[in-house]
Amino acid sequence: MKKYIYRLSLSVAAACMLSGFNSCNKFLDVVPDDGLATIETAFNLRSTAIRYLATCYAYMPNDGIPGGDPAILGGDETWDLIGRVVTNTSARVPQTNFNIARGYMTATSVYANDWVSMYQGIRCCDILCQNVDAVPDMDTWEKNQWKSEAKFLKAYYHFELVRKWGPVPIIRESLPIDAETDQVRVFRDNIDDCFDFILALLDEAMTNLPAKNISSDEYGRITKPICAAFKAKVATYAASPLFNGNVQEASLVDSRGTSLFPAKTDEDKRQRWVYAMNACERAIKICDSLGFKMIDGKYVKDNYQIVMHGATANDTLVTELALRTSFYSKGTIENINENIWPNTQSSSESIRMFQQLIMPNFSEYAQALGGYRFLSVPLKIAEQFYTRNGLPINNDLEWVGKDVFELKAAQPSDAYYLLEGYTTIALNFDREPRFYASLGFDGGTWLSRMPTVTTNLKSDDMNVVKCRLNGPHGKTSTETGPVTGYFPKKYCPYECIFTAANTFSYYWFPWPIIRYTDLLLLYCECINEAEGPDGPHSKELFEYLDKIRERAGIPDVKTSWDMYSNNPGYYSTQAGMRAIIQNERLNELAFESQRFWDIRRWMTAPAEYQKGIYGFNIMASSPEDYYVKSFVANQDFGLKDYFWPIPTSYIEVNPNLVQNIGW
């Protein structure tokens with residue numbers, strides 16, 4: 001949806017009391033063309049009312065932007081260059097959320113704190129629902145659609161709060177501006193009530209949403225498939241261990257004696273999974289009926305012939321492009337693909353800077369205003385990806401007893417993934433295609449746009465990362481990477497290229513909040529948790545997992561585990577299938593702002609953080625010295641780290657907001 005210049009400047013009664021402001025004189029400042037600042041004016045014509053609708057959307061978080069999205073720099077999936085200088089990179093790609101990853105969060109320094117803005121967005125949605133019927137030059141169907149969009153956004157903003165803070169105050173109806181102090185000193189609602197409210201609101205919103213956007217100007221506005229897919233995600237979160245009868249949070253009780261994490265029986269917990277399974281199934285049916293699908297080789301061949309100026313790619317590159325495009329494809333209202341819910345609110349300038357500053361410079365131009373390579377991927381993430389047999393390294397018979405740090409020279413058979421004759425380590429050989437599509441590393445290829453190529457793409461046409469010391473992408477100053485020796489290639493679409501000394505051709509895309517494979521994996525997870533791997537929906541469970549694996553160029557689940565693993569039949573138990581599904585999500589959705597939240601809701605974060613941040617010896621030039629496992633940083637993760645602290649100043653103003661455990 002287009003960004004309009006009209007934006008709320010709110011001093012909301014409830015938000016003020018929650019956030020620590022002492023008073024609030026007005027709750028709306030929308031100034032239309034006639035200079036008046038009243039709700040009546042905002043809703044006296046469709047042309048002004050739609051600007052108010054745009055304001056409701058304007059509170060959407062900036063997914064995919066390091067300064068706004070804590071899942072980019074705030075977890076354990078990427079590691080930033082500590083101490084970047086503001087004048088070079090920090091002003092363009094803020095490091096603020098990296099402080100979460102480094103364990104610097106406190107109740108007085110709360111990073112990625114959007115508590116107030118989410119409640120402001122909620123109030124904005126309420127105001128639209130209360131006033132849009134008064135617009136004289138709108139049809140009833142459109143008014144109902146706008147109200148459904150506002151209800152959806154209200155549910156979404158509540159979910160954003162719950163995902164960070166756990167139980168939060170539910171705003172069923174916004175309080176009047178003259179509410180008494182006791183009215184705005186609200187309590188937190190228990191976690192089940194929070195999720196039930198969000199899910200019910202999404203059901204209300206679904207009724208009057210369109211099946212698809214009717215014009216390109218509306219791309220990103222909420223539709224039925226978006227609503228259905230988001231409900232599936234919310235329901236899955238509600239069923240996950242962090243939120244579903246979490247006994248570790250049992251001591252979180254407010255001053256009324258209300259438990260914010262109610263106790264549950266095993267059957268109560270399972271019913272949450274059953275509900276989520278049904279929500280996923282419905283969402284998939286809706287998306288299938290409207291043409292959403294996985295991007296495959298045919299899509300690449302149909303769309304990339306022109307982009308590559310007539311050049312053609314072999315099957316290896318077709319697979320890589322399909323995997324990379326599945327993440328960043330824009331899609332259109334006519335050409336629906338994987339991106340079910342594109343966040344069009346993210347700043348194109350921020351995305352440009354992010355791509356320009358983290359991508360290696362493969363051009364002949366000297367490094368300038370880009371190519372700093374300051375964002376790296378920890379060694380444990382590189383190890384996490386499957387082998388070519390579709391298995392974790394520790395479970396693949398071909399890898400049992402193998403020294404992953406053994407030096408090897410790339411052979412002609414490794415073309416398109418590795419530079420022939422270049423020495424790297426065994427860890428970088430014979431991995432699944434998602435490894436090569438997602439990561440850049442020393443000796444690894446990196447396909448980006450090459451306008452001069454007009455014939456078949458050969459391995460010699462590929463860019464190659466050379467990041468050992470004294471290499472073109474090695475460390476040259478305190479402002480440049482590498483940090484670990486692996487780069488998040490996935491963030492940089494094929495179209496990105498340095499075209500001059502001070503020019504970078506970037507590729508803006510709407511960040512996929514939910515894409516089709518995400519939805520399929522949620523469904524698989526819910527089936528396994530509700531029924532196990534051999535229940536009534538086992539056919540769909542294996543079908544969707546294998547569909548994702550087929551696109552990724554690896555064998556189906558049963559073939560991988562029965563023919564190549566040291567644990568045949570691992571998929572036949574619920575615990576085994578759970579590990580398989582979780583690994584599949586971590587690999588398929590790597591670097592997409594999913595891992596940060598997934599390992600929290602699964603409550604596996606402590607084990608993941610305990611592995612620490614490691615890389616290679618980036619200050620060495622020879623393979624023997626460079627490929628040494630090198631310590632970068634420790635990470636701690638305790639019970640308190642599952643949820644954000646409520647800022648101390650908010651609790652001082654409203655003592656009814658009991659603090660989260662550990663803060």
# chains A, B, ... in the order shown; residues from 1 in each chain; ligands from 1
$ residues_around --residues "Tyr417 (chain A)" --least-positions-apart "5" --cutoff "9 Å" --atoms "only C-alpha atoms" --output "mmCIF file with N, CA, C and O atoms, in the first residue's frame"
data_model
loop_
_atom_site.group_PDB
_atom_site.id
_atom_site.type_symbol
_atom_site.label_atom_id
_atom_site.label_comp_id
_atom_site.auth_asym_id
_atom_site.auth_seq_id
_atom_site.Cartn_x
_atom_site.Cartn_y
_atom_site.Cartn_z
ATOM 1 N N THR A 316 22.053 -26.898 -11.836
ATOM 2 C CA THR A 316 22.575 -26.459 -10.539
ATOM 3 C C THR A 316 22.222 -25.002 -10.277
ATOM 4 O O THR A 316 21.741 -24.647 -9.192
ATOM 5 N N PHE A 429 32.049 -28.866 1.084
ATOM 6 C CA PHE A 429 31.804 -29.775 -0.041
ATOM 7 C C PHE A 429 30.568 -30.630 0.222
ATOM 8 O O PHE A 429 30.239 -30.945 1.378
ATOM 9 N N PRO A 433 21.838 -27.889 -1.645
ATOM 10 C CA PRO A 433 21.819 -26.635 -2.407
ATOM 11 C C PRO A 433 21.473 -25.398 -1.589
ATOM 12 O O PRO A 433 21.934 -24.305 -1.911
ATOM 13 N N TYR A 436 24.548 -23.521 -0.376
ATOM 14 C CA TYR A 436 25.221 -22.676 -1.354
ATOM 15 C C TYR A 436 24.368 -21.481 -1.775
ATOM 16 O O TYR A 436 24.909 -20.425 -2.126
ATOM 17 N N GLY A 443 36.265 -19.248 -1.333
ATOM 18 C CA GLY A 443 36.316 -20.249 -2.391
ATOM 19 C C GLY A 443 34.965 -20.591 -2.981
ATOM 20 O O GLY A 443 34.881 -21.339 -3.958
ATOM 21 N N GLY A 444 33.893 -20.038 -2.400
ATOM 22 C CA GLY A 444 32.548 -20.321 -2.879
ATOM 23 C C GLY A 444 32.104 -19.338 -3.947
ATOM 24 O O GLY A 444 32.539 -18.185 -3.983
ATOM 25 N N THR A 445 31.227 -19.776 -4.836
ATOM 26 C CA THR A 445 30.733 -18.920 -5.913
ATOM 27 C C THR A 445 29.594 -18.035 -5.426
ATOM 28 O O THR A 445 28.921 -18.334 -4.440
ATOM 29 N N TRP A 446 29.378 -16.941 -6.153
ATOM 30 C CA TRP A 446 28.328 -15.976 -5.813
ATOM 31 C C TRP A 446 27.802 -15.403 -7.123
ATOM 32 O O TRP A 446 28.431 -14.553 -7.739
ATOM 33 N N SER A 459 30.853 -22.012 -15.301
ATOM 34 C CA SER A 459 31.375 -21.806 -13.956
ATOM 35 C C SER A 459 32.373 -20.649 -13.930
ATOM 36 O O SER A 459 32.505 -19.953 -12.919
#
$ select_by_dssp --residues "region 75-188 of chain A" --states "helix (DSSP H, G or I)" --output "number ranges by chain"
A: 86-90, 98-101, 115-134, 140-165, 181-184
$ closest_atom_pairs --of "region 563-644 of chain A" --to "region 489-496 of chain A" --cutoff "10 Å" --atoms "only C-alpha atoms" --output "tab-separated table"
residue	atom	partner	partner_atom	distance
A:Ala590	CA	A:Lys490	CA	8.4
A:Phe591	CA	A:Lys490	CA	7.2
A:Glu592	CA	A:Tyr491	CA	8.7
$ write_last_selection --atoms "N, CA and C atoms" --output "PDB file, in the first residue's frame"
ATOM      1  N   ALA A 590      16.180 -19.862   6.752  1.00  0.00           N
ATOM      2  CA  ALA A 590      17.364 -19.213   7.323  1.00  0.00           C
ATOM      3  C   ALA A 590      17.448 -17.753   6.896  1.00  0.00           C
ATOM      4  N   PHE A 591      17.773 -16.892   7.849  1.00  0.00           N
ATOM      5  CA  PHE A 591      17.986 -15.451   7.648  1.00  0.00           C
ATOM      6  C   PHE A 591      16.701 -14.703   7.280  1.00  0.00           C
ATOM      7  N   GLU A 592      15.544 -15.298   7.522  1.00  0.00           N
ATOM      8  CA  GLU A 592      14.274 -14.664   7.162  1.00  0.00           C
ATOM      9  C   GLU A 592      13.493 -14.173   8.384  1.00  0.00           C
TER      10      GLU A 592
END
$ residues_around --residues "Gly103 (chain A)" --least-positions-apart "3" --cutoff "12 Å" --atoms "only C-alpha atoms" --output "PyMOL selection string"
chain A and resi 74-76+96-100+106+109-111+609+633-638+640-641+644
$ residues_around --residues "Asn44 (chain A)" --least-positions-apart "4" --cutoff "8 Å" --atoms "only C-alpha atoms" --output "MDAnalysis selection string"
chainID A and resid 40 48:49 134:136
$ write_last_selection --atoms "all heavy atoms" --output "JSON list (two decimals), in the first residue's frame"
[["chain", "number", "residue", "atom", "x", "y", "z"],
["A", 40, "GLU", "N", -13.80, 14.28, 12.57],
["A", 40, "GLU", "CA", -14.87, 14.52, 11.60],
["A", 40, "GLU", "C", -14.30, 14.87, 10.23],
["A", 40, "GLU", "O", -14.78, 14.42, 9.20],
["A", 40, "GLU", "CB", -15.79, 15.63, 12.10],
["A", 40, "GLU", "CG", -16.65, 15.26, 13.30],
["A", 40, "GLU", "CD", -15.88, 15.27, 14.61],
["A", 40, "GLU", "OE1", -14.72, 15.75, 14.61],
["A", 40, "GLU", "OE2", -16.41, 14.77, 15.61],
["A", 48, "THR", "N", -9.75, 11.55, 2.25],
["A", 48, "THR", "CA", -9.02, 11.77, 3.51],
["A", 48, "THR", "C", -9.08, 10.52, 4.39],
["A", 48, "THR", "O", -8.12, 10.22, 5.11],
["A", 48, "THR", "CB", -9.60, 12.96, 4.28],
["A", 48, "THR", "OG1", -11.01, 12.81, 4.43],
["A", 48, "THR", "CG2", -9.30, 14.26, 3.55],
["A", 49, "ALA", "N", -10.18, 9.79, 4.32],
["A", 49, "ALA", "CA", -10.31, 8.59, 5.14],
["A", 49, "ALA", "C", -9.28, 7.53, 4.75],
["A", 49, "ALA", "O", -8.76, 6.81, 5.61],
["A", 49, "ALA", "CB", -11.72, 8.02, 5.02],
["A", 134, "ALA", "N", -19.20, 6.82, 8.74],
["A", 134, "ALA", "CA", -19.68, 8.18, 8.52],
["A", 134, "ALA", "C", -19.21, 8.78, 7.20],
["A", 134, "ALA", "O", -19.69, 9.85, 6.79],
["A", 134, "ALA", "CB", -19.21, 9.08, 9.67],
["A", 135, "VAL", "N", -18.28, 8.11, 6.51],
["A", 135, "VAL", "CA", -17.77, 8.64, 5.24],
["A", 135, "VAL", "C", -18.90, 8.59, 4.20],
["A", 135, "VAL", "O", -19.43, 7.52, 3.91],
["A", 135, "VAL", "CB", -16.55, 7.85, 4.75],
["A", 135, "VAL", "CG1", -16.02, 8.44, 3.44],
["A", 135, "VAL", "CG2", -15.46, 7.85, 5.82],
["A", 136, "PRO", "N", -19.28, 9.73, 3.61],
["A", 136, "PRO", "CA", -20.47, 9.75, 2.74],
["A", 136, "PRO", "C", -20.26, 9.18, 1.35],
["A", 136, "PRO", "O", -21.20, 8.66, 0.74],
["A", 136, "PRO", "CB", -20.81, 11.25, 2.67],
["A", 136, "PRO", "CG", -19.51, 11.94, 2.88],
["A", 136, "PRO", "CD", -18.74, 11.08, 3.84]]
